[in-house]
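Shown below: target.txt, with compact mmCIF, C-alpha atoms and all ligand atoms.
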# COMPACT_ATOMS: atom_id res chain seq x y z
CA MET M 8 126.07 50.96 158.86
CA ILE M 9 123.48 51.51 156.13
CA THR M 10 124.57 54.15 153.61
CA GLU M 11 122.20 56.84 152.30
CA ILE M 12 121.98 55.06 148.93
CA GLU M 13 121.42 51.66 150.55
CA SER M 14 118.45 53.05 152.45
CA LEU M 15 116.87 54.10 149.13
CA LEU M 16 117.51 50.84 147.25
CA ARG M 17 114.88 48.10 147.10
CA PRO M 18 115.66 45.69 149.97
CA ASN M 19 115.84 42.68 147.58
CA VAL M 20 118.63 44.45 145.66
CA VAL M 21 120.58 45.11 148.86
CA ARG M 22 120.15 41.49 149.96
CA MET M 23 120.83 39.71 146.66
CA LYS M 24 124.09 38.20 145.55
CA PRO M 25 124.86 39.23 141.95
CA TYR M 26 125.51 36.69 139.20
CA SER M 27 129.22 36.20 138.89
CA SER M 28 130.46 35.46 135.38
CA ALA M 29 133.68 33.66 134.56
CA ARG M 30 135.23 36.95 133.54
CA ASP M 31 134.14 38.68 136.76
CA GLU M 32 136.13 36.20 138.77
CA PHE M 33 139.30 36.51 136.75
CA SER M 34 140.25 39.60 134.79
CA GLY M 35 144.07 39.48 134.72
CA MET M 36 146.36 37.99 132.07
CA ALA M 37 146.52 34.21 131.75
CA LEU M 38 148.32 31.70 129.57
CA VAL M 39 145.12 29.96 128.53
CA TYR M 40 141.46 30.76 129.14
CA LEU M 41 139.56 27.57 129.89
CA ASP M 42 137.03 29.17 132.21
CA ALA M 43 134.10 30.32 130.06
CA ASN M 44 133.24 27.48 127.67
CA GLU M 45 134.03 29.59 124.60
CA ASN M 46 135.05 28.18 121.21
CA PRO M 47 138.88 28.06 121.49
CA TYR M 48 139.57 28.62 117.77
CA PRO M 49 140.67 32.09 116.60
CA VAL M 50 137.41 33.36 115.11
CA ASP M 51 136.30 36.97 115.57
CA TYR M 52 134.67 37.74 118.90
CA SER M 53 134.86 34.19 120.22
CA ARG M 54 135.61 35.57 123.71
CA TYR M 55 133.19 37.22 126.15
CA PRO M 56 133.65 40.97 126.63
CA ASP M 57 134.97 42.56 129.82
CA PRO M 58 131.84 42.83 132.03
CA ALA M 59 133.31 45.84 133.90
CA HIS M 60 134.13 47.83 130.70
CA THR M 61 137.37 48.83 132.40
CA ALA M 62 139.10 50.43 129.41
CA LEU M 63 136.02 52.35 128.27
CA ARG M 64 135.11 53.61 131.73
CA GLY M 65 138.73 54.67 132.22
CA LYS M 66 138.62 56.62 128.97
CA ILE M 67 135.32 58.31 129.86
CA ALA M 68 136.70 59.13 133.32
CA GLY M 69 139.58 61.00 131.68
CA LEU M 70 137.26 62.92 129.36
CA LYS M 71 134.75 63.86 132.05
CA GLY M 72 137.07 64.46 135.00
CA LEU M 73 135.48 61.64 137.00
CA HIS M 74 136.64 58.36 138.58
CA PRO M 75 135.66 55.09 136.84
CA SER M 76 133.73 54.09 140.00
CA GLN M 77 131.41 57.05 139.25
CA ILE M 78 130.66 55.83 135.71
CA PHE M 79 128.15 53.27 134.38
CA THR M 80 128.19 52.26 130.72
CA GLY M 81 125.29 50.37 129.17
CA ASN M 82 123.19 49.54 126.14
CA GLY M 83 122.09 53.14 125.49
CA SER M 84 120.75 55.52 128.14
CA ASP M 85 117.58 53.49 127.87
CA GLU M 86 119.26 50.69 129.83
CA ALA M 87 120.22 53.12 132.60
CA ILE M 88 116.63 54.40 132.82
CA ASP M 89 115.29 50.86 133.27
CA LEU M 90 117.98 49.85 135.78
CA LEU M 91 117.38 52.94 137.93
CA ILE M 92 113.67 52.16 138.14
CA ARG M 93 114.38 48.53 139.02
CA LEU M 94 116.89 49.59 141.70
CA PHE M 95 114.80 52.17 143.51
CA CYS M 96 111.09 51.54 142.84
CA GLU M 97 109.15 48.66 144.40
CA PRO M 98 106.64 47.57 141.70
CA GLY M 99 103.04 48.34 142.57
CA ILE M 100 104.07 50.46 145.57
CA ASP M 101 106.62 53.20 144.84
CA ASN M 102 106.23 55.93 142.23
CA LEU M 103 108.37 58.21 140.09
CA ILE M 104 107.83 61.63 138.56
CA ALA M 105 108.57 62.85 135.04
CA LEU M 106 107.86 66.22 133.50
CA SER M 107 105.46 66.48 130.57
CA PRO M 108 106.05 66.71 127.70
CA SER M 109 109.38 64.92 127.92
CA TYR M 110 111.20 61.82 126.70
CA GLY M 111 108.63 59.01 126.48
CA MET M 112 110.90 56.23 127.73
CA TYR M 113 110.64 57.27 131.41
CA GLY M 114 106.91 56.45 131.36
CA VAL M 115 107.35 53.31 129.24
CA ALA M 116 110.06 51.92 131.53
CA ALA M 117 107.84 52.76 134.54
CA ASP M 118 104.93 50.87 132.93
CA VAL M 119 107.10 47.83 132.17
CA ASN M 120 108.11 47.75 135.82
CA ASN M 121 104.55 48.34 137.12
CA VAL M 122 105.65 51.59 138.73
CA GLU M 123 103.34 54.62 138.74
CA CYS M 124 104.70 57.51 136.66
CA ARG M 125 103.32 60.85 137.86
CA ARG M 126 103.44 63.55 135.24
CA VAL M 127 103.94 67.20 136.11
CA MET M 128 103.28 69.67 133.31
CA LEU M 129 105.97 72.07 132.22
CA ARG M 130 105.03 75.75 132.27
CA ALA M 131 103.22 76.57 129.00
CA SER M 132 104.99 79.93 128.60
CA ASP M 133 108.60 78.66 128.50
CA PHE M 134 108.52 74.85 128.94
CA ASP M 135 110.39 75.22 132.26
CA PHE M 136 109.53 73.93 135.74
CA THR M 137 109.76 74.75 139.42
CA ALA M 138 111.15 72.53 142.18
CA ASP M 139 108.00 73.43 144.14
CA SER M 140 105.71 71.78 141.55
CA LEU M 141 107.66 68.50 141.77
CA ILE M 142 107.92 68.51 145.56
CA GLU M 143 104.15 69.09 145.68
CA ALA M 144 103.51 66.10 143.37
CA SER M 145 105.78 63.82 145.41
CA ASP M 146 105.04 61.79 148.53
CA SER M 147 107.00 59.41 150.75
CA LEU M 148 106.79 56.71 148.03
CA THR M 149 108.34 58.89 145.30
CA LYS M 150 111.79 57.44 144.72
CA LEU M 151 112.90 58.93 141.41
CA ILE M 152 112.44 62.15 139.46
CA PHE M 153 113.46 62.26 135.78
CA LEU M 154 114.48 65.62 134.32
CA CYS M 155 115.61 66.00 130.73
CA SER M 156 117.79 69.04 129.96
CA PRO M 157 117.82 70.06 127.15
CA ASN M 158 114.33 68.62 127.08
CA ASN M 159 112.99 66.37 124.33
CA PRO M 160 110.72 67.36 122.52
CA THR M 161 110.66 71.03 123.57
CA GLY M 162 114.40 71.62 122.99
CA ASN M 163 115.06 73.94 125.94
CA LEU M 164 117.43 73.67 128.88
CA LEU M 165 115.68 73.47 132.24
CA SER M 166 116.44 76.09 134.90
CA ARG M 167 119.72 75.21 136.61
CA ALA M 168 118.65 76.96 139.81
CA GLU M 169 115.43 74.92 140.00
CA ILE M 170 117.31 71.65 139.45
CA VAL M 171 119.71 72.57 142.27
CA ALA M 172 116.74 73.52 144.47
CA LEU M 173 115.22 70.11 143.78
CA LEU M 174 118.50 68.36 144.64
CA ASP M 175 118.55 70.27 147.93
CA ARG M 176 114.97 69.42 148.84
CA PHE M 177 113.97 66.05 147.34
CA ALA M 178 114.93 62.99 149.42
CA GLY M 179 114.99 60.52 146.49
CA ILE M 180 117.08 60.16 143.34
CA VAL M 181 117.13 62.99 140.79
CA VAL M 182 118.09 61.93 137.26
CA VAL M 183 119.23 64.62 134.82
CA ASP M 184 119.16 63.27 131.26
CA GLU M 185 121.75 65.24 129.26
CA ALA M 186 121.41 63.37 125.95
CA TYR M 187 121.42 66.71 124.07
CA LEU M 188 123.78 68.72 126.27
CA ASP M 189 126.58 68.86 123.65
CA PHE M 190 124.34 71.18 121.61
CA ALA M 191 123.73 73.60 124.51
CA ALA M 192 125.82 76.40 125.94
CA SER M 193 125.63 75.12 129.49
CA PRO M 194 127.87 73.05 131.76
CA SER M 195 127.00 69.46 132.66
CA PHE M 196 125.55 68.52 136.03
CA ALA M 197 128.14 65.72 136.16
CA GLY M 198 130.43 67.89 138.34
CA LEU M 199 127.71 68.04 141.00
CA ILE M 200 127.75 64.29 141.69
CA TYR M 201 130.56 64.98 144.19
CA LYS M 202 128.19 67.17 146.18
CA TYR M 203 124.88 65.32 145.67
CA PRO M 204 125.03 61.52 146.19
CA ARG M 205 121.41 61.24 145.01
CA LEU M 206 122.10 62.84 141.62
CA VAL M 207 122.40 60.68 138.49
CA VAL M 208 123.47 62.33 135.21
CA MET M 209 122.90 60.47 131.94
CA GLN M 210 124.69 61.07 128.65
CA THR M 211 124.91 59.04 125.44
CA LEU M 212 127.03 58.46 122.35
CA SER M 213 123.80 58.44 120.28
CA LYS M 214 123.46 62.17 119.57
CA ALA M 215 126.43 64.55 119.14
CA TRP M 216 128.95 61.70 119.16
CA GLY M 217 127.22 60.22 116.12
CA ALA M 218 127.13 56.63 117.32
CA ALA M 219 123.44 55.79 117.85
CA GLY M 220 123.99 52.49 116.03
CA ILE M 221 126.49 51.05 118.50
CA ARG M 222 124.22 51.58 121.55
CA LEU M 223 126.36 53.12 124.27
CA GLY M 224 124.87 55.15 127.10
CA MET M 225 126.54 56.51 130.23
CA ALA M 226 125.40 57.37 133.74
CA PHE M 227 127.47 59.38 136.22
CA ALA M 228 126.72 59.15 139.95
CA HIS M 229 128.00 58.40 143.44
CA PRO M 230 129.99 55.12 143.48
CA ASP M 231 127.28 53.47 145.63
CA VAL M 232 124.67 54.13 142.90
CA ILE M 233 127.02 52.91 140.17
CA ALA M 234 127.89 49.78 142.19
CA ALA M 235 124.16 49.01 142.51
CA MET M 236 123.67 49.44 138.74
CA GLN M 237 126.64 47.11 138.11
CA LYS M 238 125.17 44.62 140.55
CA ILE M 239 121.91 44.12 138.63
CA LYS M 240 122.94 44.72 135.00
CA TYR M 241 123.36 41.82 132.56
CA SER M 242 127.00 40.72 132.84
CA TYR M 243 127.68 41.36 129.17
CA ASN M 244 125.38 44.32 128.58
CA VAL M 245 127.89 46.01 126.24
CA ASN M 246 129.32 43.80 123.53
CA SER M 247 132.95 43.72 122.34
CA PRO M 248 132.44 45.56 118.99
CA THR M 249 130.62 48.34 120.84
CA LEU M 250 133.37 48.61 123.48
CA GLU M 251 135.97 48.92 120.70
CA LEU M 252 133.96 51.35 118.57
CA ALA M 253 133.11 53.52 121.57
CA LEU M 254 136.79 53.78 122.56
CA ALA M 255 137.71 54.72 118.99
CA ARG M 256 134.90 57.29 118.73
CA LEU M 257 135.86 58.98 121.99
CA ASP M 258 139.30 59.62 120.45
CA ARG M 259 137.60 61.86 117.90
CA GLU M 260 136.29 64.62 120.16
CA ASP M 261 137.58 67.37 117.83
CA GLU M 262 135.55 65.97 114.94
CA MET M 263 132.45 65.74 117.15
CA LYS M 264 132.88 69.38 118.22
CA ARG M 265 133.29 70.53 114.59
CA GLN M 266 130.11 68.70 113.61
CA VAL M 267 128.25 70.21 116.57
CA GLU M 268 129.33 73.71 115.41
CA GLU M 269 128.00 72.97 111.92
CA ILE M 270 124.73 71.61 113.31
CA LEU M 271 124.34 74.75 115.45
CA ALA M 272 124.91 76.99 112.41
CA GLU M 273 122.32 74.95 110.49
CA ARG M 274 119.92 75.14 113.45
CA ARG M 275 120.04 78.94 113.23
CA ARG M 276 119.60 78.95 109.45
CA LEU M 277 116.78 76.41 109.54
CA ALA M 278 114.92 78.27 112.30
CA ASP M 279 115.24 81.50 110.38
CA ARG M 280 113.99 80.01 107.11
CA LEU M 281 111.15 78.10 108.80
CA GLU M 282 109.90 81.25 110.49
CA ARG M 283 109.38 82.84 107.10
CA LEU M 284 107.16 80.02 105.76
CA PRO M 285 103.41 80.76 105.80
CA VAL M 286 102.62 77.23 107.03
CA VAL M 287 104.75 77.78 110.16
CA VAL M 288 103.08 79.35 113.18
CA LYS M 289 106.06 79.32 115.60
CA VAL M 290 109.59 77.97 115.91
CA TYR M 291 110.49 77.43 119.55
CA PRO M 292 114.01 78.31 120.79
CA SER M 293 116.27 75.25 120.90
CA ASP M 294 119.32 74.19 122.91
CA ALA M 295 119.36 70.82 121.13
CA ASN M 296 119.88 69.39 117.61
CA PHE M 297 116.19 69.62 116.74
CA LEU M 298 113.51 72.27 116.49
CA LEU M 299 109.97 72.11 117.83
CA VAL M 300 107.83 73.81 115.21
CA LYS M 301 104.15 74.72 115.49
CA VAL M 302 102.32 74.58 112.17
CA ALA M 303 98.76 75.24 111.09
CA ASP M 304 97.78 71.55 110.97
CA ALA M 305 100.47 69.10 112.15
CA ASN M 306 98.77 65.94 110.85
CA ALA M 307 98.28 67.40 107.37
CA VAL M 308 101.82 68.83 107.19
CA TYR M 309 103.29 65.57 108.49
CA ASP M 310 101.43 63.57 105.81
CA GLY M 311 102.37 66.10 103.12
CA LEU M 312 106.03 65.82 104.05
CA LEU M 313 105.84 62.02 104.06
CA ARG M 314 104.47 62.05 100.51
CA LYS M 315 107.55 64.04 99.53
CA GLY M 316 109.83 61.53 101.25
CA VAL M 317 110.65 63.68 104.30
CA VAL M 318 110.13 62.07 107.71
CA VAL M 319 109.84 64.28 110.79
CA ARG M 320 108.34 63.51 114.20
CA ASN M 321 104.70 64.45 114.75
CA ARG M 322 104.33 65.54 118.37
CA HIS M 323 100.68 66.65 118.06
CA GLY M 324 98.75 65.11 120.95
CA LEU M 325 101.50 65.50 123.57
CA ASP M 326 100.91 67.99 126.39
CA LEU M 327 101.59 71.59 125.24
CA CYS M 328 102.52 70.36 121.74
CA ASP M 329 99.31 71.01 119.78
CA ASN M 330 100.10 71.02 116.07
CA CYS M 331 103.82 70.66 116.70
CA LEU M 332 106.39 68.78 114.66
CA ARG M 333 109.85 67.93 115.97
CA ILE M 334 112.41 68.36 113.24
CA THR M 335 115.98 67.06 113.55
CA VAL M 336 118.64 69.40 112.10
CA GLY M 337 120.23 67.58 109.16
CA VAL M 338 123.08 68.49 106.83
CA PRO M 339 122.38 71.62 104.68
CA LYS M 340 121.14 69.58 101.71
CA GLU M 341 118.65 67.65 103.84
CA ASN M 342 117.38 70.83 105.46
CA ASP M 343 116.95 72.39 102.02
CA LEU M 344 114.88 69.40 100.92
CA LEU M 345 112.68 69.82 103.98
CA LEU M 346 112.26 73.57 103.36
CA GLU M 347 111.43 72.99 99.71
CA ALA M 348 108.86 70.33 100.59
CA LEU M 349 107.29 72.58 103.24
CA ASN M 350 107.19 75.45 100.79
CA ARG M 351 105.15 73.34 98.41
CA ILE M 352 102.54 72.41 101.00
CA THR M 353 101.98 76.03 101.98
CA GLY M 354 98.53 76.00 100.38
CA LEU M 355 97.00 73.90 103.18
N1 LIG H 401 117.34 60.52 126.44
C1 LIG H 401 116.71 61.34 125.60
C2 LIG H 401 116.21 62.64 126.09
C3 LIG H 401 116.52 60.96 124.27
O1 LIG H 401 115.85 61.78 123.43
C4 LIG H 401 117.00 59.72 123.83
C5 LIG H 401 116.84 59.21 122.42
N2 LIG H 401 115.84 59.69 121.68
C6 LIG H 401 117.64 58.92 124.74
C7 LIG H 401 117.82 59.35 126.04
C8 LIG H 401 118.11 57.54 124.36
O2 LIG H 401 119.41 57.50 124.21
P1 LIG H 401 120.16 56.13 123.86
O3 LIG H 401 120.23 56.07 122.38
O4 LIG H 401 121.48 56.32 124.53
O5 LIG H 401 119.36 55.00 124.45
What would you get if you wrote out this structure as structure tokens?
Amino acid sequence: MITEIESLLRPNVVRMKPYSSARDEFSGMALVYLDANENPYPVDYSRYPDPAHTALRGKIAGLKGLHPSQIFTGNGSDEAIDLLIRLFCEPGIDNLIALSPSYGMYGVAADVNNVECRRVMLRASDFDFTADSLIEASDSLTKLIFLCSPNNPTGNLLSRAEIVALLDRFAGIVVVDEAYLDFAASPSFAGLIYKYPRLVVMQTLSKAWGAAGIRLGMAFAHPDVIAAMQKIKYSYNVNSPTLELALARLDREDEMKRQVEEILAERRRLADRLERLPVVVKVYPSDANFLLVKVADANAVYDGLLRKGVVVRNRHGLDLCDNCLRITVGVPKENDLLLEALNRITGL
């Protein structure tokens, strides 16, 4: 019998036999490993990593209250985005939908895969969306919808009720990218994967966990979706140092939570101080670790900041982001440097 997920997958993915690495075939304990043509001398990292990431997925399962079969780990969330498109969208035929403005990688990964990315504008008044607007933009060839909550670059959480309405009504895969959720006062959608087999939730170690450099992203979904992702991923998509560092970092949840509290306190202080600067037109509310800030002239302020050694992200030119800069919340000293620099370019 064809499962619901199987009926959504590209037929070539259902049919194909995955590459089987030496370490896929044998993952127990042996006296000697003569199966993978590695250098046998005891140099660091001479052995291939575990392709199934068993220890790491087990650890994440404990932290998130999920089963390892519901967890994918990869080279950043960016890998998960690309794999999902390759699993569900037939190039040149199927399409996906992303909100706008949102994280740019959904559109880039769609382009790489020759898949049409339909953009639906967020509401100008509050950067939120309705399930209706996405259903209206979809057709029978729409296989994926990417939602980002809290959204990058606008910073706001999307309406939970509208996401649930979309899950109830849309027949394809709904991806909720929660890269910034640790900074928001809202529960994860991960718990809903038990109820919605077509829901994929993405998280990452790159933001609150402070490990962008190791490249470790996670996706939570029905075991059939995860099995399909495992089937097409590179065997050794996460390297041994990253597996070790990720395990060690996930042991330090208390430290992560303390740092998040400090970032949230700084977010409030920074927003308050920015609002009082003449060059600032508006500071948008944020549920993330950055602020979207409208200024008089984004290009001029961006260049002025650069000359003072302060790099922010110029979002001018994106939908609904006229003259907006996206500013990451730093440590107090960094934020003070930014405020001082902005203060000095007030005369624009
Ligand atoms: N999702 C969103 C919304 C992001 O803003 C980013 C990084 N800017 C990512 C995913 C990428 O995360 P990773 O580092 O895990 O690839």
Please determine an axis-aligned box that encloses all atoms of ligand LIG 401 (chain H) listed in the file, with 6 Å added on each side, and express its centre and edge lengths in Å to one decimal as JSON.
{"center_x": 118.7, "center_y": 58.8, "center_z": 124.1, "size_x": 17.6, "size_y": 19.6, "size_z": 16.8}
Item to complete: Name the residues in contact with region 93-102 of chain M at a cut-off of 7 Å, using all atoms listed in the file, excluding same-chain residues fewer than 5 positions from it; report them as a list in words.
Response: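 Using all atoms listed in the file, the neighbours found are Leu15, Leu16, Arg17, Val20, Asn120, Asn121, Val122, Glu123, Cys124, Leu148, Thr149 and Lys150 of chain M.
Of the residues listed (M:Ala228, M:Met209, M:Val182, M:Ala131), M:Met209 shows the shortest atom-to-atom separation from Gly81 (chain M); distances use all atoms listed in the file.
For the pair atom N2 of ligand LIG 401 (chain H) and CA of Pro204 (chain M), the interatomic distance is 26.2 Å.
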Practice prompt. Compile the contact shell of Lys238 (chain M) as a ChimeraX atom specification: residues with an atom at most 12 Å away, counting all atoms listed in the file, same-chain residues fewer than 3 positions apart removed.
Written response: /M:16,19-28,31,58-59,79,90-91,93-94,230-235,241-242,244
Keeping only C-alpha atoms, take the residues you just selected and write them out as an mmCIF file, in the frame of the given file.
data_model
loop_
_atom_site.group_PDB
_atom_site.id
_atom_site.type_symbol
_atom_site.label_atom_id
_atom_site.label_comp_id
_atom_site.auth_asym_id
_atom_site.auth_seq_id
_atom_site.Cartn_x
_atom_site.Cartn_y
_atom_site.Cartn_z
ATOM 1 C CA LEU M 16 117.510 50.840 147.250
ATOM 2 C CA ASN M 19 115.840 42.680 147.580
ATOM 3 C CA VAL M 20 118.630 44.450 145.660
ATOM 4 C CA VAL M 21 120.580 45.110 148.860
ATOM 5 C CA ARG M 22 120.150 41.490 149.960
ATOM 6 C CA MET M 23 120.830 39.710 146.660
ATOM 7 C CA LYS M 24 124.090 38.200 145.550
ATOM 8 C CA PRO M 25 124.860 39.230 141.950
ATOM 9 C CA TYR M 26 125.510 36.690 139.200
ATOM 10 C CA SER M 27 129.220 36.200 138.890
ATOM 11 C CA SER M 28 130.460 35.460 135.380
ATOM 12 C CA ASP M 31 134.140 38.680 136.760
ATOM 13 C CA PRO M 58 131.840 42.830 132.030
ATOM 14 C CA ALA M 59 133.310 45.840 133.900
ATOM 15 C CA PHE M 79 128.150 53.270 134.380
ATOM 16 C CA LEU M 90 117.980 49.850 135.780
ATOM 17 C CA LEU M 91 117.380 52.940 137.930
ATOM 18 C CA ARG M 93 114.380 48.530 139.020
ATOM 19 C CA LEU M 94 116.890 49.590 141.700
ATOM 20 C CA PRO M 230 129.990 55.120 143.480
ATOM 21 C CA ASP M 231 127.280 53.470 145.630
ATOM 22 C CA VAL M 232 124.670 54.130 142.900
ATOM 23 C CA ILE M 233 127.020 52.910 140.170
ATOM 24 C CA ALA M 234 127.890 49.780 142.190
ATOM 25 C CA ALA M 235 124.160 49.010 142.510
ATOM 26 C CA TYR M 241 123.360 41.820 132.560
ATOM 27 C CA SER M 242 127.000 40.720 132.840
ATOM 28 C CA ASN M 244 125.380 44.320 128.580
#
Discussion item. Please report the interatomic distance between CA of Ile92 (chain M) and CA of Ser109 (chain M) in Å with one decimal.
Written reply: 16.9 Å
Worksheet item: What is the distance between atom C7 of ligand LIG 401 (chain H) and CA of Ser195 (chain M), in Å to one decimal?
Response: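 One can read the atom C7 of ligand LIG 401 (chain H) to CA of Ser195 (chain M) distance as 15.2 Å.
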Go through chain M residue by residue and, counting all atoms listed in the file, keep those with an atom at most 7 Å from ligand LIG 401 (chain H); for each kept residue give the shortest atom pair and its distance in Å to one decimal, ordered by chain and increasing number, as CSV.
residue,atom,partner,partner_atom,distance
M:Asn82,CA,H:LIG401,O5,6.9
M:Gly83,CA,H:LIG401,O4,3.4
M:Ser84,CA,H:LIG401,O4,3.8
M:Asp85,CA,H:LIG401,O5,4.1
M:Glu86,CA,H:LIG401,O5,6.9
M:Tyr110,CA,H:LIG401,C2,5.1
M:Cys155,CA,H:LIG401,C2,5.8
M:Asn158,CA,H:LIG401,C2,6.3
M:Asn159,CA,H:LIG401,C2,5.2
M:Asp184,CA,H:LIG401,N1,5.8
M:Glu185,CA,H:LIG401,C2,6.9
M:Ala186,CA,H:LIG401,N1,5.0
M:Tyr187,CA,H:LIG401,C2,6.9
M:Thr211,CA,H:LIG401,O4,4.5
M:Leu212,CA,H:LIG401,O4,6.3
M:Ser213,CA,H:LIG401,O3,4.8
M:Ala219,CA,H:LIG401,O3,5.6
M:Arg222,CA,H:LIG401,O3,6.1
M:Leu223,CA,H:LIG401,O4,5.8
M:Gly224,CA,H:LIG401,O4,4.4
For the residues in the current selection, export C-alpha atoms as a PDB file, in the frame of the given file.
ATOM      1  CA  ASN M  82     123.190  49.540 126.140  1.00  0.00           C
ATOM      2  CA  GLY M  83     122.090  53.140 125.490  1.00  0.00           C
ATOM      3  CA  SER M  84     120.750  55.520 128.140  1.00  0.00           C
ATOM      4  CA  ASP M  85     117.580  53.490 127.870  1.00  0.00           C
ATOM      5  CA  GLU M  86     119.260  50.690 129.830  1.00  0.00           C
ATOM      6  CA  TYR M 110     111.200  61.820 126.700  1.00  0.00           C
ATOM      7  CA  CYS M 155     115.610  66.000 130.730  1.00  0.00           C
ATOM      8  CA  ASN M 158     114.330  68.620 127.080  1.00  0.00           C
ATOM      9  CA  ASN M 159     112.990  66.370 124.330  1.00  0.00           C
ATOM     10  CA  ASP M 184     119.160  63.270 131.260  1.00  0.00           C
ATOM     11  CA  GLU M 185     121.750  65.240 129.260  1.00  0.00           C
ATOM     12  CA  ALA M 186     121.410  63.370 125.950  1.00  0.00           C
ATOM     13  CA  TYR M 187     121.420  66.710 124.070  1.00  0.00           C
ATOM     14  CA  THR M 211     124.910  59.040 125.440  1.00  0.00           C
ATOM     15  CA  LEU M 212     127.030  58.460 122.350  1.00  0.00           C
ATOM     16  CA  SER M 213     123.800  58.440 120.280  1.00  0.00           C
ATOM     17  CA  ALA M 219     123.440  55.790 117.850  1.00  0.00           C
ATOM     18  CA  ARG M 222     124.220  51.580 121.550  1.00  0.00           C
ATOM     19  CA  LEU M 223     126.360  53.120 124.270  1.00  0.00           C
ATOM     20  CA  GLY M 224     124.870  55.150 127.100  1.00  0.00           C
TER      21      GLY M 224
END
Practice prompt. Can you pull out every residue within 8 Å of region 323-328 of chain M, counting all atoms listed in the file, but drop anything in the same chain fewer than 2 positions away, and send it as a PyMOL selection string?
Written response: chain M and resi 107-108+128+131+301+305-306+321+330-332
Practice prompt. Please provide the set of residues having any atom within 9 Å of region 67-71 of chain M, restricted to all atoms listed in the file, with same-chain residues fewer than 5 positions apart removed, written as a list of chain:residue names.
Written response: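 Near region 67-71 of chain M, the qualifying residues are M:Ala62, M:Ser76, M:Gln77, M:Ile78, M:Ala197, M:Gly198, M:Met225, M:Leu254, M:Leu257.
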Neighbouring residues of region 282-289 of chain M were defined as those with any atom within 7 Å, considering only C-alpha atoms; residues of the same chain fewer than 3 positions away were excluded. Please report them as a PDB file with C-alpha atoms, in the coordinates of the input.
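Saved file around12.pdb follows:
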ATOM      1  CA  ALA M 278     114.920  78.270 112.300  1.00  0.00           C
ATOM      2  CA  ASP M 279     115.240  81.500 110.380  1.00  0.00           C
ATOM      3  CA  VAL M 300     107.830  73.810 115.210  1.00  0.00           C
ATOM      4  CA  LYS M 301     104.150  74.720 115.490  1.00  0.00           C
ATOM      5  CA  VAL M 302     102.320  74.580 112.170  1.00  0.00           C
ATOM      6  CA  ALA M 303      98.760  75.240 111.090  1.00  0.00           C
ATOM      7  CA  ASN M 350     107.190  75.450 100.790  1.00  0.00           C
ATOM      8  CA  THR M 353     101.980  76.030 101.980  1.00  0.00           C
TER       9      THR M 353
END
Worksheet item: Nearest to Ala191 (chain M) among M:Asp57, M:Glu32, M:Asp258, M:Asp294, with distances taken over all atoms listed in the file: which residue is it?
Response: M:Asp294
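Closest to Asn296 (chain M) among M:Phe153, M:Tyr243, M:Tyr113, M:Phe190 is M:Phe190, based on all atoms listed in the file.
The closest residue to Gly217 (chain M), picked from M:Arg256, M:Arg126, M:Arg333, M:Arg276 and counting all atoms listed in the file, is M:Arg256.
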Discussion item. From the options M:Leu165, M:Leu103, M:Leu129, M:Leu73, which residue's atoms come nearest to Gly179 (chain M), counting all atoms listed in the file?
Written reply: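 Of the candidates, the smallest distance to Gly179 (chain M) is held by M:Leu103.
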Item to complete: Go through M:Asp146, M:Ile88, M:Ala43, M:Leu281 one by one, measure the shortest atom-to-atom distance of each to Val119 (chain M) using only C-alpha atoms, and give the residue with the smallest value.
Response: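 Among the listed residues, the smallest separation from Val119 (chain M) belongs to M:Ile88.
A search radius of 12 Å centred on (113.9, 75.3, 144.0), applied to only C-alpha atoms, returns the residues M:Phe136, M:Thr137, M:Ala138, M:Asp139, M:Ser140, M:Leu141, M:Ile142, M:Glu143, M:Ser166, M:Arg167, M:Ala168, M:Glu169, M:Ile170, M:Val171, M:Ala172, M:Leu173, M:Leu174, M:Asp175, M:Arg176, M:Phe177.
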